[in-house]
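Coordinates as given in entry-v3.cif (mmCIF, C-alpha atoms, pLDDT in the B column; chains and numbers go by the auth columns):
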```cif
data_target
loop_
_atom_site.group_PDB
_atom_site.id
_atom_site.type_symbol
_atom_site.label_atom_id
_atom_site.label_comp_id
_atom_site.label_asym_id
_atom_site.label_seq_id
_atom_site.Cartn_x
_atom_site.Cartn_y
_atom_site.Cartn_z
_atom_site.B_iso_or_equiv
_atom_site.auth_seq_id
_atom_site.auth_asym_id
ATOM 1 C CA MET A 1 109.090 104.005 90.054 97.00 1 A
ATOM 2 C CA GLU A 2 108.657 106.068 86.911 97.00 2 A
ATOM 3 C CA SER A 3 107.662 105.028 83.446 98.00 3 A
ATOM 4 C CA SER A 4 107.262 106.312 79.911 97.00 4 A
ATOM 5 C CA VAL A 5 105.726 104.745 76.828 97.00 5 A
ATOM 6 C CA ARG A 6 106.523 105.224 73.145 96.00 6 A
ATOM 7 C CA GLN A 7 105.067 103.608 70.090 96.00 7 A
ATOM 8 C CA ILE A 8 107.758 102.896 67.509 96.00 8 A
ATOM 9 C CA ALA A 9 106.216 101.358 64.385 95.00 9 A
ATOM 10 C CA ASP A 10 104.720 98.057 65.567 95.00 10 A
ATOM 11 C CA VAL A 11 106.595 98.011 68.895 97.00 11 A
ATOM 12 C CA THR A 12 105.357 99.500 72.168 97.00 12 A
ATOM 13 C CA LEU A 13 108.481 100.555 74.046 98.00 13 A
ATOM 14 C CA ILE A 14 107.913 100.917 77.785 98.00 14 A
ATOM 15 C CA ARG A 15 110.706 102.353 79.889 98.00 15 A
ATOM 16 C CA ILE A 16 110.750 101.646 83.622 98.00 16 A
ATOM 17 C CA ASP A 17 112.991 103.575 86.024 98.00 17 A
ATOM 18 C CA GLY A 18 113.618 103.180 89.734 98.00 18 A
ATOM 19 C CA ARG A 19 112.447 100.348 91.948 97.00 19 A
ATOM 20 C CA VAL A 20 109.736 97.761 91.466 98.00 20 A
ATOM 21 C CA ASP A 21 109.093 96.216 94.851 96.00 21 A
ATOM 22 C CA HIS A 22 106.128 95.289 97.014 94.00 22 A
ATOM 23 C CA ALA A 23 105.172 98.970 97.340 95.00 23 A
ATOM 24 C CA THR A 24 105.359 99.831 93.631 97.00 24 A
ATOM 25 C CA ALA A 25 104.391 96.549 91.935 97.00 25 A
ATOM 26 C CA LYS A 26 100.777 97.681 91.604 97.00 26 A
ATOM 27 C CA ALA A 27 101.868 100.861 89.794 98.00 27 A
ATOM 28 C CA PHE A 28 104.114 98.734 87.564 98.00 28 A
ATOM 29 C CA GLU A 29 101.170 96.475 86.767 98.00 29 A
ATOM 30 C CA GLU A 30 99.021 99.493 85.893 98.00 30 A
ATOM 31 C CA VAL A 31 101.656 100.675 83.424 98.00 31 A
ATOM 32 C CA ILE A 32 101.887 97.286 81.692 97.00 32 A
ATOM 33 C CA LYS A 33 98.293 96.101 81.797 96.00 33 A
ATOM 34 C CA PRO A 34 96.659 98.454 79.259 95.00 34 A
ATOM 35 C CA HIS A 35 99.152 97.279 76.651 95.00 35 A
ATOM 36 C CA LEU A 36 98.103 93.672 77.104 94.00 36 A
ATOM 37 C CA ASP A 37 94.567 94.278 75.898 90.00 37 A
ATOM 38 C CA ASP A 38 93.573 92.528 72.731 85.00 38 A
ATOM 39 C CA THR A 39 92.496 95.524 70.661 84.00 39 A
ATOM 40 C CA GLY A 40 91.711 93.408 67.663 82.00 40 A
ATOM 41 C CA ALA A 41 94.600 94.937 65.715 83.00 41 A
ATOM 42 C CA ALA A 42 96.311 92.446 63.460 81.00 42 A
ATOM 43 C CA PRO A 43 98.997 91.898 64.351 85.00 43 A
ATOM 44 C CA LEU A 44 98.968 93.122 67.925 90.00 44 A
ATOM 45 C CA PRO A 45 101.864 95.459 68.781 93.00 45 A
ATOM 46 C CA LYS A 46 104.982 93.803 70.154 96.00 46 A
ATOM 47 C CA ILE A 47 106.130 94.953 73.581 98.00 47 A
ATOM 48 C CA LEU A 48 109.682 95.823 74.602 98.00 48 A
ATOM 49 C CA LEU A 49 110.446 96.840 78.172 98.00 49 A
ATOM 50 C CA ASP A 50 113.489 99.067 78.513 98.00 50 A
ATOM 51 C CA LEU A 51 114.719 98.247 82.028 98.00 51 A
ATOM 52 C CA GLY A 52 117.931 100.254 81.781 98.00 52 A
ATOM 53 C CA GLY A 53 116.825 102.532 84.603 98.00 53 A
ATOM 54 C CA LEU A 54 115.507 99.772 86.845 98.00 54 A
ATOM 55 C CA SER A 55 117.698 99.487 89.939 96.00 55 A
ATOM 56 C CA PHE A 56 115.782 96.974 92.062 96.00 56 A
ATOM 57 C CA MET A 57 113.097 94.359 91.470 97.00 57 A
ATOM 58 C CA THR A 58 111.528 91.846 93.827 97.00 58 A
ATOM 59 C CA SER A 59 109.317 88.828 93.224 97.00 59 A
ATOM 60 C CA ALA A 60 106.337 91.208 93.165 97.00 60 A
ATOM 61 C CA GLY A 61 107.681 92.764 89.952 97.00 61 A
ATOM 62 C CA LEU A 62 108.547 89.396 88.441 97.00 62 A
ATOM 63 C CA ARG A 63 104.989 88.294 89.164 96.00 63 A
ATOM 64 C CA VAL A 64 103.683 91.153 86.991 97.00 64 A
ATOM 65 C CA LEU A 65 106.127 90.202 84.230 97.00 65 A
ATOM 66 C CA MET A 66 105.109 86.554 84.434 96.00 66 A
ATOM 67 C CA ILE A 67 101.425 87.440 84.044 96.00 67 A
ATOM 68 C CA ALA A 68 102.300 89.704 81.100 97.00 68 A
ATOM 69 C CA ALA A 69 104.409 86.976 79.491 97.00 69 A
ATOM 70 C CA LYS A 70 101.612 84.452 79.799 96.00 70 A
ATOM 71 C CA ALA A 71 99.100 86.908 78.315 95.00 71 A
ATOM 72 C CA CYS A 72 101.396 87.731 75.396 96.00 72 A
ATOM 73 C CA ALA A 73 102.148 84.078 74.732 95.00 73 A
ATOM 74 C CA ALA A 74 98.429 83.333 74.667 94.00 74 A
ATOM 75 C CA GLN A 75 97.914 86.195 72.187 94.00 75 A
ATOM 76 C CA GLY A 76 100.862 85.098 70.074 92.00 76 A
ATOM 77 C CA ARG A 77 102.682 88.404 70.429 94.00 77 A
ATOM 78 C CA ASP A 78 106.275 89.073 71.388 94.00 78 A
ATOM 79 C CA LEU A 79 107.285 90.430 74.783 97.00 79 A
ATOM 80 C CA ALA A 80 110.913 91.174 75.538 98.00 80 A
ATOM 81 C CA VAL A 81 113.049 93.102 78.007 98.00 81 A
ATOM 82 C CA ALA A 82 116.273 94.979 77.351 98.00 82 A
ATOM 83 C CA ALA A 83 119.199 96.733 79.000 98.00 83 A
ATOM 84 C CA LEU A 84 119.113 94.999 82.384 98.00 84 A
ATOM 85 C CA GLN A 85 121.499 96.347 85.011 95.00 85 A
ATOM 86 C CA PRO A 86 123.802 93.643 86.473 93.00 86 A
ATOM 87 C CA ALA A 87 121.825 93.203 89.708 91.00 87 A
ATOM 88 C CA ILE A 88 118.564 92.813 87.770 95.00 88 A
ATOM 89 C CA ALA A 89 120.204 90.473 85.267 96.00 89 A
ATOM 90 C CA GLU A 90 121.272 88.297 88.203 94.00 90 A
ATOM 91 C CA ILE A 91 117.706 88.129 89.513 95.00 91 A
ATOM 92 C CA PHE A 92 116.410 87.167 86.052 97.00 92 A
ATOM 93 C CA LYS A 93 119.137 84.550 85.787 96.00 93 A
ATOM 94 C CA ILE A 94 118.553 82.785 89.070 95.00 94 A
ATOM 95 C CA SER A 95 114.782 82.818 88.613 96.00 95 A
ATOM 96 C CA ARG A 96 115.197 81.500 85.052 95.00 96 A
ATOM 97 C CA PHE A 97 113.260 84.345 83.481 95.00 97 A
ATOM 98 C CA ASP A 98 115.229 83.664 80.306 92.00 98 A
ATOM 99 C CA LEU A 99 112.650 80.901 79.863 92.00 99 A
ATOM 100 C CA VAL A 100 109.775 83.344 80.443 94.00 100 A
ATOM 101 C CA LEU A 101 110.629 86.140 78.007 95.00 101 A
ATOM 102 C CA LYS A 102 113.349 87.228 75.640 96.00 102 A
ATOM 103 C CA ILE A 103 116.204 89.233 77.184 98.00 103 A
ATOM 104 C CA HIS A 104 118.272 91.590 75.029 98.00 104 A
ATOM 105 C CA PRO A 105 121.496 93.374 76.048 98.00 105 A
ATOM 106 C CA THR A 106 120.346 96.734 74.638 97.00 106 A
ATOM 107 C CA VAL A 107 117.168 98.466 73.461 97.00 107 A
ATOM 108 C CA GLU A 108 118.648 98.637 69.952 97.00 108 A
ATOM 109 C CA GLU A 109 119.137 94.889 69.844 97.00 109 A
ATOM 110 C CA GLY A 110 115.685 94.310 71.266 97.00 110 A
ATOM 111 C CA LEU A 111 114.072 96.495 68.614 97.00 111 A
ATOM 112 C CA SER A 112 116.132 94.897 65.836 97.00 112 A
ATOM 113 C CA SER A 113 115.015 91.468 66.959 96.00 113 A
ATOM 114 C CA LEU A 114 111.347 92.451 67.145 96.00 114 A
ATOM 115 C CA SER A 115 110.875 94.721 64.146 95.00 115 A
ATOM 116 C CA SER A 116 113.188 95.969 61.414 94.00 116 A
ATOM 117 C CA GLU A 117 110.882 98.943 60.850 94.00 117 A
ATOM 118 C CA ALA A 118 111.073 99.961 64.524 95.00 118 A
ATOM 119 C CA ALA A 119 114.847 99.510 64.505 94.00 119 A
ATOM 120 C CA VAL A 120 115.204 101.853 61.528 94.00 120 A
ATOM 121 C CA LEU A 121 113.016 104.498 63.175 94.00 121 A
ATOM 122 C CA TRP A 122 114.991 104.183 66.440 93.00 122 A
ATOM 123 C CA GLU A 123 118.245 104.535 64.558 90.00 123 A
ATOM 124 C CA ALA A 124 116.949 107.664 62.848 91.00 124 A
ATOM 125 C CA GLY A 125 116.171 109.134 66.258 81.00 125 A
ATOM 126 C CA MET B 1 113.007 98.572 107.971 83.00 1 B
ATOM 127 C CA ILE B 2 114.641 97.748 104.644 85.00 2 B
ATOM 128 C CA ASP B 3 116.798 100.865 105.011 87.00 3 B
ATOM 129 C CA PHE B 4 117.940 99.621 108.435 89.00 4 B
ATOM 130 C CA VAL B 5 119.078 96.364 106.852 92.00 5 B
ATOM 131 C CA SER B 6 120.836 97.924 103.871 92.00 6 B
ATOM 132 C CA ASP B 7 122.503 100.594 106.038 92.00 7 B
ATOM 133 C CA LEU B 8 123.985 97.888 108.252 90.00 8 B
ATOM 134 C CA ALA B 9 125.214 95.933 105.235 91.00 9 B
ATOM 135 C CA ARG B 10 126.831 99.100 103.931 91.00 10 B
ATOM 136 C CA GLU B 11 128.470 99.777 107.298 89.00 11 B
ATOM 137 C CA ARG B 12 129.921 96.255 107.263 88.00 12 B
ATOM 138 C CA GLY B 13 131.549 96.970 103.924 89.00 13 B
ATOM 139 C CA PHE B 14 129.272 94.858 101.745 92.00 14 B
ATOM 140 C CA GLY B 15 129.516 95.692 98.029 91.00 15 B
ATOM 141 C CA PRO B 16 126.657 97.483 96.196 91.00 16 B
ATOM 142 C CA LYS B 17 125.399 94.317 94.499 90.00 17 B
ATOM 143 C CA ARG B 18 125.468 92.328 97.731 92.00 18 B
ATOM 144 C CA ILE B 19 123.606 95.133 99.515 93.00 19 B
ATOM 145 C CA LEU B 20 120.829 94.850 96.938 94.00 20 B
ATOM 146 C CA GLU B 21 120.717 91.094 97.521 95.00 21 B
ATOM 147 C CA VAL B 22 120.436 91.571 101.290 95.00 22 B
ATOM 148 C CA GLU B 23 117.708 94.142 100.668 96.00 23 B
ATOM 149 C CA LEU B 24 115.892 91.745 98.364 97.00 24 B
ATOM 150 C CA ALA B 25 115.974 88.908 100.897 97.00 25 B
ATOM 151 C CA ALA B 26 114.800 91.205 103.687 96.00 26 B
ATOM 152 C CA GLU B 27 111.929 92.603 101.641 96.00 27 B
ATOM 153 C CA GLU B 28 110.797 89.139 100.546 97.00 28 B
ATOM 154 C CA ALA B 29 110.953 87.855 104.126 96.00 29 B
ATOM 155 C CA LEU B 30 108.936 90.811 105.426 95.00 30 B
ATOM 156 C CA VAL B 31 106.318 90.562 102.672 94.00 31 B
ATOM 157 C CA ASN B 32 105.885 86.879 103.471 94.00 32 B
ATOM 158 C CA ILE B 33 105.309 87.672 107.121 94.00 33 B
ATOM 159 C CA LEU B 34 102.667 90.245 106.192 92.00 34 B
ATOM 160 C CA THR B 35 101.027 87.730 103.853 92.00 35 B
ATOM 161 C CA TYR B 36 101.139 84.556 105.921 92.00 36 B
ATOM 162 C CA ALA B 37 101.710 85.446 109.565 94.00 37 B
ATOM 163 C CA TYR B 38 99.307 88.392 109.528 95.00 38 B
ATOM 164 C CA PRO B 39 96.742 87.417 106.870 92.00 39 B
ATOM 165 C CA LYS B 40 94.041 89.602 108.443 89.00 40 B
ATOM 166 C CA GLY B 41 96.077 92.782 108.487 81.00 41 B
ATOM 167 C CA ALA B 42 98.970 94.486 110.184 84.00 42 B
ATOM 168 C CA GLY B 43 100.908 93.194 113.171 92.00 43 B
ATOM 169 C CA ASP B 44 104.153 93.776 114.966 95.00 44 B
ATOM 170 C CA ILE B 45 107.437 92.822 113.346 95.00 45 B
ATOM 171 C CA GLU B 46 110.773 93.214 115.109 96.00 46 B
ATOM 172 C CA ILE B 47 114.057 93.095 113.325 95.00 47 B
ATOM 173 C CA ALA B 48 117.300 92.849 115.248 94.00 48 B
ATOM 174 C CA CYS B 49 120.863 92.710 114.101 91.00 49 B
ATOM 175 C CA LYS B 50 122.820 89.994 115.871 81.00 50 B
ATOM 176 C CA GLY B 51 126.520 89.461 116.290 67.00 51 B
ATOM 177 C CA GLU B 52 129.351 91.827 116.857 62.00 52 B
ATOM 178 C CA GLY B 53 130.280 92.733 113.325 68.00 53 B
ATOM 179 C CA GLY B 54 132.903 91.543 110.940 76.00 54 B
ATOM 180 C CA SER B 55 132.139 90.212 107.512 82.00 55 B
ATOM 181 C CA ARG B 56 128.897 88.510 108.489 90.00 56 B
ATOM 182 C CA LEU B 57 125.540 90.074 109.034 93.00 57 B
ATOM 183 C CA THR B 58 122.804 88.251 110.919 95.00 58 B
ATOM 184 C CA PHE B 59 119.241 89.451 111.294 94.00 59 B
ATOM 185 C CA ALA B 60 116.522 87.958 113.436 96.00 60 B
ATOM 186 C CA ILE B 61 113.057 88.880 112.175 97.00 61 B
ATOM 187 C CA THR B 62 110.354 88.200 114.750 97.00 62 B
ATOM 188 C CA ASP B 63 106.603 88.345 114.342 97.00 63 B
ATOM 189 C CA PHE B 64 103.756 87.314 116.606 97.00 64 B
ATOM 190 C CA GLY B 65 101.312 86.066 114.009 96.00 65 B
ATOM 191 C CA VAL B 66 100.154 82.677 112.737 95.00 66 B
ATOM 192 C CA ALA B 67 102.886 80.024 112.888 96.00 67 B
ATOM 193 C CA PHE B 68 104.488 79.742 109.501 93.00 68 B
ATOM 194 C CA ASP B 69 107.781 78.268 108.458 95.00 69 B
ATOM 195 C CA PRO B 70 108.946 79.771 105.156 94.00 70 B
ATOM 196 C CA LEU B 71 111.472 76.963 104.809 93.00 71 B
ATOM 197 C CA SER B 72 108.590 74.526 104.401 93.00 72 B
ATOM 198 C CA PHE B 73 107.608 76.230 101.154 89.00 73 B
ATOM 199 C CA PRO B 74 108.302 74.068 98.102 89.00 74 B
ATOM 200 C CA VAL B 75 111.127 75.084 95.805 90.00 75 B
ATOM 201 C CA PRO B 76 109.484 76.389 92.617 92.00 76 B
ATOM 202 C CA ASP B 77 110.055 74.477 89.422 91.00 77 B
ATOM 203 C CA LEU B 78 111.742 77.076 87.243 93.00 78 B
ATOM 204 C CA LEU B 79 112.355 74.867 84.258 90.00 79 B
ATOM 205 C CA VAL B 80 108.807 74.063 83.205 90.00 80 B
ATOM 206 C CA GLU B 81 107.364 75.696 80.111 89.00 81 B
ATOM 207 C CA LEU B 82 105.785 79.123 80.439 89.00 82 B
ATOM 208 C CA ALA B 83 102.186 77.971 79.993 86.00 83 B
ATOM 209 C CA ILE B 84 102.296 75.810 83.137 89.00 84 B
ATOM 210 C CA ARG B 85 104.851 77.718 85.211 91.00 85 B
ATOM 211 C CA ARG B 86 103.474 79.055 88.491 90.00 86 B
ATOM 212 C CA VAL B 87 103.055 82.814 88.646 90.00 87 B
ATOM 213 C CA GLY B 88 104.234 83.275 92.246 85.00 88 B
ATOM 214 C CA GLY B 89 106.448 81.405 94.655 87.00 89 B
ATOM 215 C CA LEU B 90 109.673 83.303 94.058 95.00 90 B
ATOM 216 C CA GLY B 91 109.779 85.263 97.318 95.00 91 B
ATOM 217 C CA VAL B 92 111.059 82.518 99.601 95.00 92 B
ATOM 218 C CA PHE B 93 113.194 81.236 96.739 96.00 93 B
ATOM 219 C CA PHE B 94 115.026 84.582 96.672 97.00 94 B
ATOM 220 C CA VAL B 95 115.509 84.539 100.453 97.00 95 B
ATOM 221 C CA ARG B 96 117.069 81.065 100.128 96.00 96 B
ATOM 222 C CA GLN B 97 119.280 82.159 97.259 95.00 97 B
ATOM 223 C CA MET B 98 120.522 85.381 98.801 95.00 98 B
ATOM 224 C CA ALA B 99 121.098 84.358 102.425 96.00 99 B
ATOM 225 C CA ASP B 100 124.012 82.125 103.373 95.00 100 B
ATOM 226 C CA HIS B 101 122.190 80.606 106.288 96.00 101 B
ATOM 227 C CA ILE B 102 118.512 80.533 107.215 97.00 102 B
ATOM 228 C CA GLU B 103 116.922 79.290 110.381 97.00 103 B
ATOM 229 C CA TYR B 104 113.292 79.268 111.447 97.00 104 B
ATOM 230 C CA GLN B 105 112.085 78.760 115.003 97.00 105 B
ATOM 231 C CA ARG B 106 108.678 78.926 116.599 97.00 106 B
ATOM 232 C CA LYS B 107 109.283 80.390 120.055 97.00 107 B
ATOM 233 C CA GLY B 108 106.105 80.570 122.104 96.00 108 B
ATOM 234 C CA ASP B 109 103.733 82.704 120.074 96.00 109 B
ATOM 235 C CA ALA B 110 106.464 84.120 117.866 97.00 110 B
ATOM 236 C CA ASN B 111 107.961 83.201 114.504 97.00 111 B
ATOM 237 C CA VAL B 112 111.678 83.913 114.442 98.00 112 B
ATOM 238 C CA LEU B 113 113.448 83.878 111.107 97.00 113 B
ATOM 239 C CA THR B 114 117.195 84.301 111.308 97.00 114 B
ATOM 240 C CA LEU B 115 119.068 85.213 108.145 96.00 115 B
ATOM 241 C CA THR B 116 122.835 85.332 107.864 95.00 116 B
ATOM 242 C CA PHE B 117 124.649 87.025 105.026 95.00 117 B
ATOM 243 C CA THR B 118 128.322 87.058 104.149 93.00 118 B
ATOM 244 C CA LYS B 119 129.955 89.495 101.771 89.00 119 B
ATOM 245 C CA ARG B 120 130.055 86.937 98.967 78.00 120 B
ATOM 246 C CA GLU B 121 129.920 88.328 95.463 60.00 121 B
ATOM 247 C CA PRO B 122 127.954 85.659 93.628 49.00 122 B
ATOM 248 C CA GLN B 123 128.927 86.525 90.057 46.00 123 B
ATOM 249 C CA LYS B 124 130.934 83.327 89.803 46.00 124 B
ATOM 250 C CA GLY B 125 127.664 81.434 89.748 45.00 125 B
ATOM 251 C CA GLU B 126 128.422 79.744 93.035 45.00 126 B
ATOM 252 C CA ASN B 127 125.454 78.637 95.003 44.00 127 B
ATOM 253 C CA SER B 128 124.703 78.109 98.631 41.00 128 B
ATOM 254 C CA THR B 129 123.348 75.189 100.564 41.00 129 B
ATOM 255 C CA HIS B 130 120.081 74.791 98.718 41.00 130 B
ATOM 256 C CA THR B 131 119.729 72.935 95.482 39.00 131 B
ATOM 257 C CA GLU B 132 116.942 73.256 93.007 40.00 132 B
ATOM 258 C CA GLY B 133 114.527 70.469 92.298 41.00 133 B
ATOM 259 C CA THR B 134 114.764 68.630 89.035 38.00 134 B
#
```

Please lay out the structure from this file as structure tokens.
Amino acid sequence: MESSVRQIADVTLIRIDGRVDHATAKAFEEVIKPHLDDTGAAPLPKILLDLGGLSFMTSAGLRVLMIAAKACAAQGRDLAVAALQPAIAEIFKISRFDLVLKIHPTVEEGLSSLSSEAAVLWEAG
Amino acid sequence: MIDFVSDLARERGFGPKRILEVELAAEEALVNILTYAYPKGAGDIEIACKGEGGSRLTFAITDFGVAFDPLSFPVPDLLVELAIRRVGGLGVFFVRQMADHIEYQRKGDANVLTLTFTKREPQKGENSTHTEGT
């Protein structure tokens, strides 16, 4: 698993590539967790996970996402995922993760939904 | 071990998406064995491919740990609101969803979980033998 993080206006965009399974779920958690801290900023940054490069995810990865979703909901901040590959979309569908977090077809649509300022910056490259 | 399973699925002509589903079920089954059958640490796990080929793939996963029947696990309630939804519980659910047939037997001091997969491509939304709770 590989990851990269960008701050685009008020959105933290986290890209995840590769596999999140039993062996890599801990590393996945360590990527996400620092961004769930309540820094006292008002409002707290929104979080968008770009999963376009994610090829495989097991329940261990969904567990990390569920914990993140609960933390974000408790903090009143948005958490969304975008660009799911078909096999990952299927896993989200059967486990009803559409009820856990927002799912967007593309990163562009995810950013537009979360923050017009971030969408403009993304568009500008 | 997971590679063994996915290589066999590939050799049988399973499609890429179905191979990932077989891989997912196998990983979830193995992680459950490590968690529940061998709670104190590592133990032996044997995985054998059964049958003579064709469009079906059957694996018997055997461990020699604490007796545990994954089919006795409750089906998670996926429709409750986020605040009260359980964090875990999806592993066995995925095994049930991805395999076409599941059988558990306690044989002497061994747990034997037999999983059968067909080549089905589940994009039509069709489901197998298990239904979700309300």

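Note on the selection: in this file the PyMOL selection byres ((chain B) within 7 of (chain A)) comes out as Lys17, Leu24, Leu78, Leu82, Ala83, Val87, Gly88, Leu90 and Gly91 of chain B.
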
Selection in question (the file shown): the PyMOL selection byres ((chain B and resi 6) around 8). Which residues does it include, as a compact mmCIF listing (two decimals) with C-alpha atoms, in the coordinates of the input?
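What ended up in expr_21.txt:
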```txt
# COMPACT_ATOMS: atom_id res chain seq x y z
CA ILE B 2 114.64 97.75 104.64
CA ASP B 3 116.80 100.86 105.01
CA PHE B 4 117.94 99.62 108.44
CA VAL B 5 119.08 96.36 106.85
CA ASP B 7 122.50 100.59 106.04
CA LEU B 8 123.98 97.89 108.25
CA ALA B 9 125.21 95.93 105.24
CA ARG B 10 126.83 99.10 103.93
CA ILE B 19 123.61 95.13 99.52
CA LEU B 20 120.83 94.85 96.94
CA VAL B 22 120.44 91.57 101.29
CA GLU B 23 117.71 94.14 100.67
```

Legend entry - Hits from the PyMOL selection byres ((chain A and resi 44) around 9), listed as an MDAnalysis selection string: chainID A and resid 10 38:43 45:46 75:77

Legend entry - Spatial sel., origin (112.6, 104.2, 80.1), limit 9 Å, all atoms listed in the file, listed as a list in words: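 Here is the list of nearby residues: Glu2, Ser3, Ser4, Val5, Leu13, Ile14, Arg15, Ile16, Asp17, Leu49, Asp50, Leu51, Gly52, Gly53 and Leu54 of chain A.
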
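Counting only C-alpha atoms, stretch 62-74 of chain B has the following residues at most 7 Å away, ignoring those fewer than 6 positions along the same chain: Tyr36, Ala37, Tyr38, Asp44, Ile45, Glu46, Ile47, Val92, Tyr104, Arg106, Asp109, Ala110, Asn111, Val112 and Leu113 of chain B.
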
Legend entry - Atomic separation - atom CA of B:Glu81 relative to atom CA of A:Ala68, Å: 14.9 Å

Inset, instruction - Calculate how many Å separate atom CA of A:Glu29 from atom CA of A:Ser115, rounding to one decimal. - result: 24.7 Å

Inset, instruction - Point out the residue among A:Val81, A:Asp37, A:Asp98, A:Ala89 with the least atom-to-atom distance to A:Ser113, counting only C-alpha atoms. - result: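 Of all the options, A:Val81 lies closest to A:Ser113.
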